[in-house]
file entry31.tsv (TSV, C-alpha atoms)
chain	number	residue	atom	x	y	z
A	1	MET	CA	0.00	0.00	0.00
A	2	ASN	CA	1.29	3.43	-0.94
A	3	TYR	CA	0.74	6.29	1.48
A	4	SER	CA	1.17	10.00	1.03
A	5	VAL	CA	3.06	11.51	3.92
A	6	LEU	CA	3.22	15.09	5.17
A	7	VAL	CA	5.94	15.82	7.72
A	8	GLU	CA	5.84	19.21	9.40
A	9	VAL	CA	8.92	20.33	11.32
A	10	SER	CA	8.92	23.34	13.61
A	11	LEU	CA	11.00	24.66	16.48
A	12	ARG	CA	10.03	23.21	19.82
A	13	PRO	CA	8.01	25.34	22.21
A	14	GLY	CA	10.39	27.40	24.30
A	15	ILE	CA	13.01	27.59	21.54
A	16	ALA	CA	13.27	31.15	20.28
A	17	ASP	CA	11.96	31.50	16.73
A	18	PRO	CA	13.35	34.81	15.42
A	19	GLN	CA	11.98	34.04	11.94
A	20	GLY	CA	8.44	33.56	13.26
A	21	ALA	CA	8.75	36.70	15.39
A	22	THR	CA	9.91	38.70	12.37
A	23	ILE	CA	7.00	37.44	10.27
A	24	GLU	CA	4.62	38.36	13.07
A	25	ARG	CA	5.97	41.92	13.18
A	26	ALA	CA	5.68	42.18	9.40
A	27	LEU	CA	2.04	41.03	9.59
A	28	GLY	CA	1.42	43.90	12.00
A	29	ALA	CA	2.84	46.30	9.42
A	30	LEU	CA	0.46	44.81	6.86
A	31	GLY	CA	-2.46	45.65	9.13
A	32	PHE	CA	-3.01	42.23	10.69
A	33	ASP	CA	-2.63	43.29	14.30
A	34	GLY	CA	-4.61	40.33	15.57
A	35	VAL	CA	-2.15	37.67	14.40
A	36	THR	CA	-0.11	36.20	17.23
A	37	GLY	CA	1.93	33.09	17.93
A	38	VAL	CA	3.52	32.82	14.48
A	39	ARG	CA	5.98	29.89	14.29
A	40	ALA	CA	8.01	29.23	11.14
A	41	GLY	CA	8.82	25.70	10.04
A	42	LYS	CA	9.29	23.36	7.13
A	43	ALA	CA	7.00	20.89	5.40
A	44	PHE	CA	8.02	17.75	3.49
A	45	ARG	CA	5.81	15.58	1.30
A	46	PHE	CA	6.67	12.12	0.07
A	47	ASP	CA	5.11	8.77	-0.72
A	48	ILE	CA	5.96	5.68	1.24
A	49	GLU	CA	5.30	2.01	0.61
A	50	ALA	CA	4.20	0.10	3.69
A	51	ASP	CA	2.07	-2.89	4.67
A	52	ASP	CA	-0.47	-0.81	6.55
A	53	GLU	CA	-1.12	2.61	7.97
A	54	ALA	CA	0.58	1.89	11.29
A	55	ALA	CA	3.74	0.71	9.53
A	56	ALA	CA	3.71	3.76	7.26
A	57	ILE	CA	3.40	6.11	10.25
A	58	GLU	CA	6.15	4.28	12.09
A	59	GLN	CA	8.57	4.61	9.15
A	60	ALA	CA	7.65	8.23	8.50
A	61	GLU	CA	8.21	9.09	12.17
A	62	VAL	CA	11.70	7.60	12.04
A	63	VAL	CA	12.45	9.64	8.91
A	64	ALA	CA	11.08	12.76	10.62
A	65	GLU	CA	12.92	12.34	13.89
A	66	ARG	CA	16.24	11.04	12.63
A	67	PHE	CA	16.64	13.19	9.58
A	68	LEU	CA	14.08	15.83	8.63
A	69	GLY	CA	14.02	17.43	12.08
A	70	ASN	CA	16.75	17.90	14.64
A	71	PRO	CA	15.23	16.62	17.90
A	72	VAL	CA	17.50	18.92	19.94
A	73	ILE	CA	15.55	21.95	18.75
A	74	GLU	CA	12.65	20.76	16.57
A	75	ASP	CA	9.40	18.82	16.85
A	76	SER	CA	7.91	16.97	13.93
A	77	THR	CA	4.41	15.78	13.16
A	78	VAL	CA	3.43	13.14	10.62
A	79	THR	CA	0.13	13.20	8.73
A	80	LEU	CA	-0.82	10.33	6.48
A	81	SER	CA	-3.31	9.82	3.70
A	82	PRO	CA	-3.61	7.09	1.06
A	83	THR	CA	-2.28	8.28	-2.29
A	84	ASP	CA	-4.90	9.14	-4.90
A	85	GLN	CA	-4.39	5.91	-6.81
A	86	GLU	CA	-5.03	3.93	-3.66
A	87	LEU	CA	-8.21	5.77	-2.72
A	88	GLY	CA	-11.35	3.71	-2.93
A	89	PRO	CA	-12.50	0.65	-1.05
A	90	SER	CA	-9.06	-0.63	-0.19
A	91	THR	CA	-8.47	0.48	3.37
A	92	GLU	CA	-7.52	-3.16	3.95
A	93	PRO	CA	-3.81	-3.88	4.02
A	94	SER	CA	-2.70	-5.07	0.60
A	95	LEU	CA	-1.27	-8.58	0.37
B	1	MET	CA	57.55	16.51	14.70
B	2	ALA	CA	53.87	17.12	14.03
B	3	GLY	CA	51.86	14.33	12.50
B	4	ARG	CA	49.66	14.29	9.43
B	5	ILE	CA	46.38	16.10	9.62
B	6	GLY	CA	43.47	15.30	7.31
B	7	VAL	CA	41.16	18.18	6.38
B	8	VAL	CA	37.82	16.80	5.25
B	9	ASN	CA	36.61	18.34	2.01
B	10	PHE	CA	32.83	18.12	1.59
B	11	PRO	CA	31.17	19.47	-1.54
B	12	GLY	CA	30.58	23.07	-0.46
B	13	SER	CA	33.40	23.30	2.08
B	14	ASN	CA	35.26	26.58	1.54
B	15	CYS	CA	37.82	26.92	4.32
B	16	GLU	CA	39.77	23.72	3.70
B	17	HIS	CA	42.74	25.38	1.99
B	18	ASP	CA	42.90	28.12	4.65
B	19	VAL	CA	43.13	25.41	7.32
B	20	ILE	CA	45.81	23.52	5.40
B	21	LYS	CA	47.89	26.66	4.82
B	22	ALA	CA	47.60	27.73	8.46
B	23	LEU	CA	48.58	24.29	9.78
B	24	ASP	CA	51.45	23.94	7.30
B	25	GLU	CA	52.85	27.36	8.24
B	26	LEU	CA	52.76	26.36	11.90
B	27	GLY	CA	54.95	23.38	11.09
B	28	GLY	CA	52.24	20.80	10.49
B	29	SER	CA	51.57	18.62	7.52
B	30	ALA	CA	47.97	18.84	6.38
B	31	GLU	CA	46.18	17.55	3.31
B	32	LEU	CA	42.68	17.18	1.89
B	33	VAL	CA	40.52	14.12	2.58
B	34	TRP	CA	37.63	13.73	0.13
B	35	HIS	CA	34.21	13.28	1.75
B	36	GLY	CA	33.61	10.19	-0.38
B	37	ASP	CA	36.61	8.38	1.12
B	38	THR	CA	35.74	5.54	3.46
B	39	THR	CA	38.97	5.56	5.42
B	40	VAL	CA	41.08	8.12	7.28
B	41	ASP	CA	43.97	5.72	7.87
B	42	GLY	CA	47.34	7.37	8.27
B	43	TYR	CA	46.13	10.61	9.83
B	44	ASP	CA	46.94	11.71	13.36
B	45	ALA	CA	44.18	14.32	13.55
B	46	LEU	CA	41.21	15.46	11.47
B	47	VAL	CA	39.68	18.87	10.83
B	48	LEU	CA	36.18	19.43	9.47
B	49	PRO	CA	36.49	22.92	7.99
B	50	GLY	CA	34.00	25.72	7.51
B	51	GLY	CA	31.78	26.31	4.52
B	52	PHE	CA	28.42	25.05	3.36
B	53	ALA	CA	28.76	21.27	3.14
B	54	HIS	CA	26.19	19.88	0.69
B	55	GLY	CA	24.82	23.40	0.34
B	56	ASP	CA	23.58	23.37	3.95
B	57	TYR	CA	20.45	21.77	2.47
B	58	LEU	CA	17.83	20.79	5.07
B	59	ARG	CA	20.00	22.12	7.92
B	60	PRO	CA	23.73	22.83	8.15
B	61	GLY	CA	25.43	19.45	8.58
B	62	ALA	CA	22.25	17.42	8.15
B	63	ILE	CA	23.34	15.88	4.82
B	64	ALA	CA	27.10	15.97	5.46
B	65	ARG	CA	26.62	13.58	8.33
B	66	PHE	CA	25.75	10.92	5.70
B	67	SER	CA	28.91	11.51	3.64
B	68	PRO	CA	30.79	8.20	3.32
B	69	VAL	CA	33.81	9.55	5.22
B	70	MET	CA	31.75	10.22	8.35
B	71	ASP	CA	31.72	6.57	9.45
B	72	ALA	CA	35.52	6.63	9.38
B	73	VAL	CA	35.55	9.98	11.21
B	74	SER	CA	33.30	8.52	13.93
B	75	ARG	CA	35.55	5.48	14.35
B	76	PHE	CA	38.64	7.72	14.44
B	77	ALA	CA	36.99	9.82	17.17
B	78	ALA	CA	35.87	6.75	19.12
B	79	ASP	CA	39.48	5.54	19.11
B	80	GLY	CA	40.55	8.84	20.70
B	81	GLY	CA	41.86	10.60	17.59
B	82	PRO	CA	41.66	14.42	17.71
B	83	VAL	CA	38.79	15.76	15.58
B	84	ILE	CA	38.16	19.50	15.27
B	85	GLY	CA	35.06	20.98	13.66
B	86	ILE	CA	35.30	24.63	12.74
B	87	CYS	CA	32.08	26.57	12.04
B	88	ASN	CA	30.25	24.37	9.49
B	89	GLY	CA	32.43	21.52	10.73
B	90	PHE	CA	31.04	22.11	14.25
B	91	GLN	CA	27.52	21.93	12.79
B	92	VAL	CA	28.40	18.64	11.07
B	93	LEU	CA	29.75	17.18	14.33
B	94	THR	CA	26.57	18.03	16.24
B	95	GLU	CA	24.37	16.58	13.48
B	96	ALA	CA	26.52	13.44	13.48
B	97	GLY	CA	26.04	13.08	17.23
B	98	LEU	CA	29.78	13.41	17.94
B	99	LEU	CA	29.10	16.56	19.95
B	100	PRO	CA	25.98	17.45	21.97
B	101	GLY	CA	23.54	20.26	21.21
B	102	ALA	CA	22.74	22.08	17.98
B	103	LEU	CA	23.52	25.33	16.18
B	104	GLN	CA	20.45	27.37	15.32
B	105	LYS	CA	19.99	30.66	13.52
B	106	ASN	CA	21.63	33.64	15.18
B	107	GLN	CA	19.45	35.63	17.50
B	108	GLY	CA	18.47	38.70	15.48
B	109	LEU	CA	18.68	36.73	12.21
B	110	ARG	CA	21.88	38.45	11.12
B	111	PHE	CA	24.74	36.81	9.30
B	112	LEU	CA	27.75	37.70	11.44
B	113	CYS	CA	31.14	38.48	9.90
B	114	THR	CA	33.38	40.09	12.48
B	115	THR	CA	36.19	39.44	14.92
B	116	ALA	CA	34.98	38.05	18.22
B	117	GLU	CA	36.67	37.97	21.60
B	118	VAL	CA	36.56	34.46	23.00
B	119	ARG	CA	37.82	33.26	26.36
B	120	VAL	CA	39.49	29.88	26.77
B	121	GLU	CA	37.48	28.07	29.45
B	122	THR	CA	39.41	24.80	29.73
B	123	ASP	CA	42.89	23.67	28.82
B	124	ARG	CA	41.73	20.06	28.75
B	125	SER	CA	40.66	19.68	25.12
B	126	ALA	CA	42.42	18.74	21.90
B	127	LEU	CA	42.39	22.40	20.85
B	128	THR	CA	43.43	24.14	24.06
B	129	THR	CA	46.11	22.03	25.76
B	130	GLY	CA	48.70	24.73	25.24
B	131	VAL	CA	46.55	27.73	26.15
B	132	ALA	CA	46.02	29.03	29.67
B	133	VAL	CA	42.44	29.13	30.98
B	134	GLY	CA	41.19	32.70	30.93
B	135	THR	CA	43.20	33.70	27.87
B	136	VAL	CA	41.12	36.00	25.64
B	137	LEU	CA	41.62	35.44	21.92
B	138	HIS	CA	40.58	37.62	18.98
B	139	ILE	CA	39.28	35.28	16.29
B	140	PRO	CA	36.99	35.90	13.29
B	141	ILE	CA	33.47	34.53	13.23
B	142	ASN	CA	31.53	34.14	10.01
B	143	HIS	CA	28.18	32.43	10.38
B	144	PHE	CA	24.39	32.57	10.24
B	145	GLU	CA	23.70	29.47	12.31
B	146	GLY	CA	26.04	29.80	15.27
B	147	ASN	CA	23.54	30.14	18.10
B	148	TYR	CA	24.48	27.15	20.25
B	149	ILE	CA	21.66	25.46	22.12
B	150	CYS	CA	21.30	22.30	24.16
B	151	SER	CA	18.97	20.88	26.78
B	152	ALA	CA	19.26	21.98	30.41
B	153	GLU	CA	20.56	18.48	31.25
B	154	THR	CA	23.28	18.68	28.59
B	155	LEU	CA	24.28	22.15	29.76
B	156	ALA	CA	24.60	20.88	33.34
B	157	GLU	CA	26.79	18.03	32.06
B	158	LEU	CA	28.98	20.41	30.08
B	159	HIS	CA	29.47	22.50	33.22
B	160	ALA	CA	30.07	19.56	35.55
B	161	GLU	CA	32.57	17.95	33.19
B	162	ASP	CA	34.38	21.20	32.25
B	163	ARG	CA	33.52	20.69	28.58
B	164	ILE	CA	32.85	24.29	27.55
B	165	VAL	CA	36.02	25.06	25.60
B	166	LEU	CA	35.41	28.66	24.51
B	167	ARG	CA	32.96	31.38	25.49
B	168	TYR	CA	32.26	34.69	23.78
B	169	VAL	CA	33.21	37.68	25.91
B	170	ASP	CA	30.33	39.59	24.31
B	171	ASN	CA	27.74	37.07	23.05
B	172	PRO	CA	27.15	37.95	19.37
B	173	ASN	CA	24.58	35.32	18.38
B	174	GLY	CA	22.44	34.33	21.36
B	175	SER	CA	24.33	31.13	22.19
B	176	ILE	CA	23.24	29.60	25.47
B	177	ASP	CA	25.72	30.50	28.22
B	178	SER	CA	27.75	32.40	25.56
B	179	ILE	CA	29.19	29.09	24.33
B	180	ALA	CA	31.51	29.35	21.31
B	181	GLY	CA	32.99	25.86	21.51
B	182	VAL	CA	32.51	22.54	23.32
B	183	CYS	CA	34.22	19.17	23.50
B	184	ASN	CA	33.03	15.60	23.92
B	185	GLU	CA	33.37	13.56	27.09
B	186	ALA	CA	36.74	12.15	26.01
B	187	ARG	CA	37.90	15.73	25.16
B	188	ASN	CA	39.36	14.68	21.76
B	189	VAL	CA	36.44	16.01	19.67
B	190	VAL	CA	36.08	19.80	19.72
B	191	GLY	CA	33.66	22.03	17.83
B	192	LEU	CA	33.88	25.81	17.66
B	193	MET	CA	32.23	28.55	15.62
B	194	PRO	CA	35.24	30.94	15.43
B	195	HIS	CA	37.80	30.38	12.65
B	196	PRO	CA	41.29	30.01	14.20
B	197	GLU	CA	42.81	29.46	10.75
B	198	ARG	CA	41.88	33.04	9.85
B	199	ALA	CA	43.91	34.43	12.74
B	200	THR	CA	47.36	33.02	12.13
B	201	ASP	CA	49.18	35.94	10.51
B	202	ALA	CA	49.59	39.57	11.56
B	203	LEU	CA	48.45	40.51	8.06
B	204	LEU	CA	45.04	39.01	8.91
B	205	GLY	CA	44.68	41.25	11.96
B	206	SER	CA	45.29	38.63	14.64
B	207	VAL	CA	47.58	35.70	15.31
B	208	ASP	CA	45.53	34.43	18.24
B	209	GLY	CA	44.20	31.40	16.35
B	210	ALA	CA	47.73	30.01	16.11
B	211	ALA	CA	47.72	29.10	19.81
B	212	LEU	CA	44.71	26.81	19.22
B	213	LEU	CA	46.13	25.22	16.07
B	214	ARG	CA	49.49	24.65	17.80
B	215	SER	CA	47.64	22.74	20.50
B	216	LEU	CA	46.08	20.57	17.81
B	217	LEU	CA	49.50	20.00	16.20
B	218	SER	CA	50.94	18.91	19.54
B	219	GLU	CA	47.98	16.52	20.01
B	220	ALA	CA	48.65	15.10	16.56
B	221	ALA	CA	52.35	14.64	17.16

call {"tool": "encode", "arguments": {"input": "entry31.tsv", "output": "structure tokens"}}
result
Amino acid sequence: MNYSVLVEVSLRPGIADPQGATIERALGALGFDGVTGVRAGKAFRFDIEADDEAAAIEQAEVVAERFLGNPVIEDSTVTLSPTDQELGPSTEPSL
Amino acid sequence: MAGRIGVVNFPGSNCEHDVIKALDELGGSAELVWHGDTTVDGYDALVLPGGFAHGDYLRPGAIARFSPVMDAVSRFAADGGPVIGICNGFQVLTEAGLLPGALQKNQGLRFLCTTAEVRVETDRSALTTGVAVGTVLHIPINHFEGNYICSAETLAELHAEDRIVLRYVDNPNGSIDSIAGVCNEARNVVGLMPHPERATDALLGSVDGAALLRSLLSEAA
């Protein structure tokens, strides 16, 4: 089964995010005074072949934690969806 | 007689020849090691120089850590061989897990290119054996991601084990505890953001980096 993965990496809470703070100030200059809590990060999309959803998430989390994000300063979240070609009745693991 | 020093050349390194020239002029014998090599046999010390290894893609050092030579560098370090990471080389060593912590973007989001005052905090590291604790050195810094950070536990360990090698006198980048350089537990792996190789000739404005490189040469002897 082929899964589409979205990994989002952002600085951990408590780690200063000067980029996010700068964006927030710029939004104020654009007239959006009500925008707060801006955090900058990175997003990665890829497809992954795995037996089932749990296996796909497990692999993607390893990729996220060991490579795409630096766990000393960053958190990562993994979001999964079946790729378009796999959409349909087959939520069963493929054999 | 100083031993042979290998200077690891990643695609995107740009300080490797400066390091070689500085070490050679101090009486050493340094040469390039290609990042694709799988052995560092025959070297008595290694330097990971500054630059933008693999374009700093993803994060500085994040791709370089997978260069074929890094397995050999890790084994060399585990066997007690002196390994120095300067600037981008420091970033590579943290990404490779050979040094604790991480280097994040400078506070204030400015690329810094200036001469910094750094104080030697321990003389028990491969880079500072010949330099008295408390000595203040004038050494160029040249980085965007030099803001050292680590967990509170790691910081406590660094303090308890006397592993902070250099501190900025006037913190330029937001580094936790003004840290400019640290070493590993065995004290043979050292990472620092300042560029000692750029302070080895009066013509460059300072010769203070020579004291650090001489320590490395004596470790490699």

call {"tool": "closest_residue", "arguments": {"input": "entry31.tsv", "among": "A:Gly14, A:Gly34, A:Pro82, A:Gly28", "to": "chain B", "atoms": "all atoms listed in the file"}}
result
A:Gly14

call {"tool": "atom_distance", "arguments": {"input": "entry31.tsv", "atom1": "atom CA of Gly191 of chain B", "atom2": "atom CA of Asp79 of chain B"}}
result
17.5 Å

call {"tool": "interface_residues", "arguments": {"input": "entry31.tsv", "of": "chain B", "to": "chain A", "cutoff": "7 Å", "atoms": "all atoms listed in the file", "output": "PDB file with C-alpha atoms, in the coordinates of the input"}}
result
ATOM      1  CA  GLY B 101      23.540  20.260  21.210  1.00  0.00           C
ATOM      2  CA  ALA B 102      22.740  22.080  17.980  1.00  0.00           C
ATOM      3  CA  GLN B 107      19.450  35.630  17.500  1.00  0.00           C
ATOM      4  CA  GLY B 108      18.470  38.700  15.480  1.00  0.00           C
ATOM      5  CA  LEU B 109      18.680  36.730  12.210  1.00  0.00           C
ATOM      6  CA  CYS B 150      21.300  22.300  24.160  1.00  0.00           C
TER       7      CYS B 150
END

call {"tool": "residues_around", "arguments": {"input": "entry31.tsv", "residues": "segment 32-34 of chain B", "least_positions_apart": "2", "cutoff": "8 Å", "atoms": "all atoms listed in the file", "output": "list of chain:residue names"}}
result
B:Gly6, B:Val7, B:Val8, B:Asn9, B:Phe10, B:Glu16, B:Ile20, B:Ala30, B:Gly36, B:Asp37, B:Val40, B:Val69

call {"tool": "residues_around", "arguments": {"input": "entry31.tsv", "residues": "Ala43 of chain A", "least_positions_apart": "4", "cutoff": "9 Å", "atoms": "only C-alpha atoms", "output": "PyMOL selection string"}}
result
chain A and resi 6-10

call {"tool": "atom_distance", "arguments": {"input": "entry31.tsv", "atom1": "atom CA of Ala211 of chain B", "atom2": "atom CA of Leu26 of chain B"}}
result
9.8 Å

call {"tool": "decode", "arguments": {"input": "entry31.tsv", "residues": "segment 142-155 of chain B", "atoms": "N, CA and C atoms", "output": "PDB file, in the first residue's frame"}}
result
ATOM      1  N   ASN B 142      32.065  33.953  11.355  1.00  0.00           N
ATOM      2  CA  ASN B 142      31.528  34.139  10.014  1.00  0.00           C
ATOM      3  C   ASN B 142      30.401  33.122   9.832  1.00  0.00           C
ATOM      4  N   HIS B 143      29.232  33.444  10.395  1.00  0.00           N
ATOM      5  CA  HIS B 143      28.179  32.429  10.381  1.00  0.00           C
ATOM      6  C   HIS B 143      26.780  33.026  10.509  1.00  0.00           C
ATOM      7  N   PHE B 144      25.803  32.219  10.058  1.00  0.00           N
ATOM      8  CA  PHE B 144      24.387  32.567  10.236  1.00  0.00           C
ATOM      9  C   PHE B 144      23.752  31.660  11.286  1.00  0.00           C
ATOM     10  N   GLU B 145      24.236  30.426  11.338  1.00  0.00           N
ATOM     11  CA  GLU B 145      23.701  29.472  12.307  1.00  0.00           C
ATOM     12  C   GLU B 145      24.776  29.124  13.322  1.00  0.00           C
ATOM     13  N   GLY B 146      24.982  30.021  14.278  1.00  0.00           N
ATOM     14  CA  GLY B 146      26.038  29.798  15.270  1.00  0.00           C
ATOM     15  C   GLY B 146      25.529  29.890  16.693  1.00  0.00           C
ATOM     16  N   ASN B 147      24.216  29.963  16.813  1.00  0.00           N
ATOM     17  CA  ASN B 147      23.540  30.139  18.100  1.00  0.00           C
ATOM     18  C   ASN B 147      23.422  28.775  18.784  1.00  0.00           C
ATOM     19  N   TYR B 148      24.403  28.485  19.639  1.00  0.00           N
ATOM     20  CA  TYR B 148      24.478  27.153  20.254  1.00  0.00           C
ATOM     21  C   TYR B 148      23.340  26.961  21.244  1.00  0.00           C
ATOM     22  N   ILE B 149      22.733  25.786  21.178  1.00  0.00           N
ATOM     23  CA  ILE B 149      21.663  25.457  22.118  1.00  0.00           C
ATOM     24  C   ILE B 149      21.752  23.990  22.496  1.00  0.00           C
ATOM     25  N   CYS B 150      21.373  23.697  23.717  1.00  0.00           N
ATOM     26  CA  CYS B 150      21.300  22.304  24.164  1.00  0.00           C
ATOM     27  C   CYS B 150      20.294  22.245  25.300  1.00  0.00           C
ATOM     28  N   SER B 151      19.936  21.040  25.695  1.00  0.00           N
ATOM     29  CA  SER B 151      18.971  20.884  26.776  1.00  0.00           C
ATOM     30  C   SER B 151      19.608  21.308  28.102  1.00  0.00           C
ATOM     31  N   ALA B 152      18.762  21.579  29.098  1.00  0.00           N
ATOM     32  CA  ALA B 152      19.264  21.976  30.414  1.00  0.00           C
ATOM     33  C   ALA B 152      20.148  20.873  30.994  1.00  0.00           C
ATOM     34  N   GLU B 153      19.771  19.603  30.729  1.00  0.00           N
ATOM     35  CA  GLU B 153      20.562  18.484  31.254  1.00  0.00           C
ATOM     36  C   GLU B 153      21.952  18.476  30.624  1.00  0.00           C
ATOM     37  N   THR B 154      21.982  18.662  29.290  1.00  0.00           N
ATOM     38  CA  THR B 154      23.275  18.682  28.592  1.00  0.00           C
ATOM     39  C   THR B 154      24.139  19.831  29.092  1.00  0.00           C
ATOM     40  N   LEU B 155      23.518  20.992  29.287  1.00  0.00           N
ATOM     41  CA  LEU B 155      24.283  22.154  29.756  1.00  0.00           C
ATOM     42  C   LEU B 155      24.889  21.871  31.134  1.00  0.00           C
TER      43      LEU B 155
END
